[in-house]
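Chemist: Can you read through this structure? Questions will come right after.
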2 protein chains.
Amino acid sequence: MSSATRLDADSRREQLLQAGLTLLRTTPFDQLSAVDVARAAGVSKGLVFHYFPTTRELHVALLRASTTELLGLVDLSPELDYEGRLAAGLDAFITYIEDAPLVYVAMTRGAGSDPQLQAVFEDTRNAIVALILDVLGLAEDPPAGLRIMLRGWIAMVEEATLHWLPDKVVPRQRLIDFLVTAALTMLPDALALDEP
Amino acid sequence: MSSATRLDADSRREQLLQAGLTLLRTTPFDQLSAVDVARAAGVSKGLVFHYFPTTRELHVALLRASTTELLGLVDLSPELDYEGRLAAGLDAFITYIEDAPLVYVAMTRGAGSDPQLQAVFEDTRNAIVALILDVLGLAEDPPAGLRIMLRGWIAMVEEATLHWLPDKVVPRQRLIDFLVTAALTMLPDALALDEP
């Protein structure tokens, strides 16, 4: 038995996903195939198909893996006040996009009309909203207007970061401060959206 | 000669694009074929292929047509002050998304890794930024930070609108006011992003 087959099922699946995530740094999401993953992981194509019977299942699993990674990174610093936690989470979020912009773009814009891929995107956005609501102490029964604002703010962070990225003319910390200030400034207005 | 073949080339192309745009209101972008367009326009598949030799060319032309439509709608009310023009343009933008959310989502999230489709998306966003810069009297040599903020703000408007749309819990005008206020509040901070 070669070393390539000695891993247990979970480790093997994880290894294939990590190989796929690495490939996504340079390969557009919709062009990534099981063959590419097999080659990168040094295993047979059949083994990849064993874990991910279709390319779509592979894609969905890769998106899930990348969002899990993202969420693990942005949820931090519970010892800080909410402004500090927001800034720390945003910093990690921007680092994630900086580190692998293609993976991020695949995650947010690669879904097309595929309901499963769209669901991953929605789940990710909603998980980040839930995280921020928790930071703000508003996780229980959040007002509709606040949810709308937070979804909008996350989209703004994403778009601003992707546009800042190529030449970074604006200093990084200044961008972070700007985006945190924007969120905090909009917050009272967003809460007022639900007033009767 | 049937009435279906009597149109001149430009009118015929326009007719096919209009048929395609109507279909996009109910059909996901990446599932729309030349056959669908031919059937909807009451012409042969061959005629559609004559104007759009590949499905991709059809898709690119449809996206261009929908963004031209959008840009024509949001550029208005030159007699108003900049706050009023921003609000009027935003109102039109939201109406456009409300009217055909699937077309809008196709335009903004359907590009995948296709460079031509991505270019349409970029061109559209940049055209809206240019429009706002013009409204603000900053069209010449706009600061980098302001461009980043405006791209971010447009993404926020889009995401907030798409999330407001299904149940419209927040009154429409209140959402518009909120988004205009957000832009105006961020503006001085965005201009400061470029300070030395």
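Going by the structure tokens order, chains are called A, B, ..., each with residues numbered from 1, while ligands are numbered from 1 in the order shown.
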For chain A, list the residues within 10 Å of chain B, counting only C-alpha atoms, and write the list as an NGL selection string.

Modeler: :A and (27-31 or 102 or 105-106 or 108-114 or 143-145 or 147-164 or 167-171 or 174-175 or 177-179 or 181-183 or 185-186 or 189-190 or 192-196)

Chemist: Determine, counting only C-alpha atoms, which protein, DNA and RNA residues have an atom within 9 Å of an atom of Ile94 of chain B; residues of the same chain fewer than 3 positions away are not included. Present the result as a ChimeraX atom specification.

Modeler: /B:89-91,97-99,157-158,161,176

Chemist: Determine the nearest neighbour of Leu187 of chain B from the options B:Val43, B:Leu86, B:Tyr96, B:Leu146, counting only C-alpha atoms.

Modeler: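 Of all the options, B:Leu146 lies closest to Leu187 of chain B.
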
Chemist: Which neighbours of segment 5-18 of chain B fall inside 8 Å, counting only C-alpha atoms, when residues of the same chain fewer than 6 positions from it are skipped, and could you give them as a ChimeraX atom specification?

Modeler: /B:37-38,41,48,51,61-62,65

Chemist: Output C-alpha atoms for every residue in that selection, as a short mmCIF file (atom, residue, chain, number, x, y, z; two decimals), in the first residue's frame.

Modeler:
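Result file part-v4.cif:
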```cif
data_model
loop_
_atom_site.label_atom_id
_atom_site.label_comp_id
_atom_site.auth_asym_id
_atom_site.auth_seq_id
_atom_site.Cartn_x
_atom_site.Cartn_y
_atom_site.Cartn_z
CA VAL B 37 -34.43 33.30 -27.94
CA ALA B 38 -35.47 32.04 -31.38
CA ALA B 41 -38.83 36.00 -31.03
CA VAL B 48 -30.23 33.94 -33.91
CA TYR B 51 -26.41 37.62 -35.19
CA ALA B 61 -24.60 41.03 -25.96
CA LEU B 62 -27.49 40.48 -23.54
CA ALA B 65 -27.93 45.47 -23.52
#
```

Chemist: Choose the residue, out of B:Ala40, B:Ala92, B:Ala34, B:Val135, that has the smallest atom-to-atom separation from Glu79 of chain B; count only C-alpha atoms.

Modeler: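 Ranking B:Ala40, B:Ala92, B:Ala34, B:Val135 by distance to Glu79 of chain B, first place goes to B:Val135.
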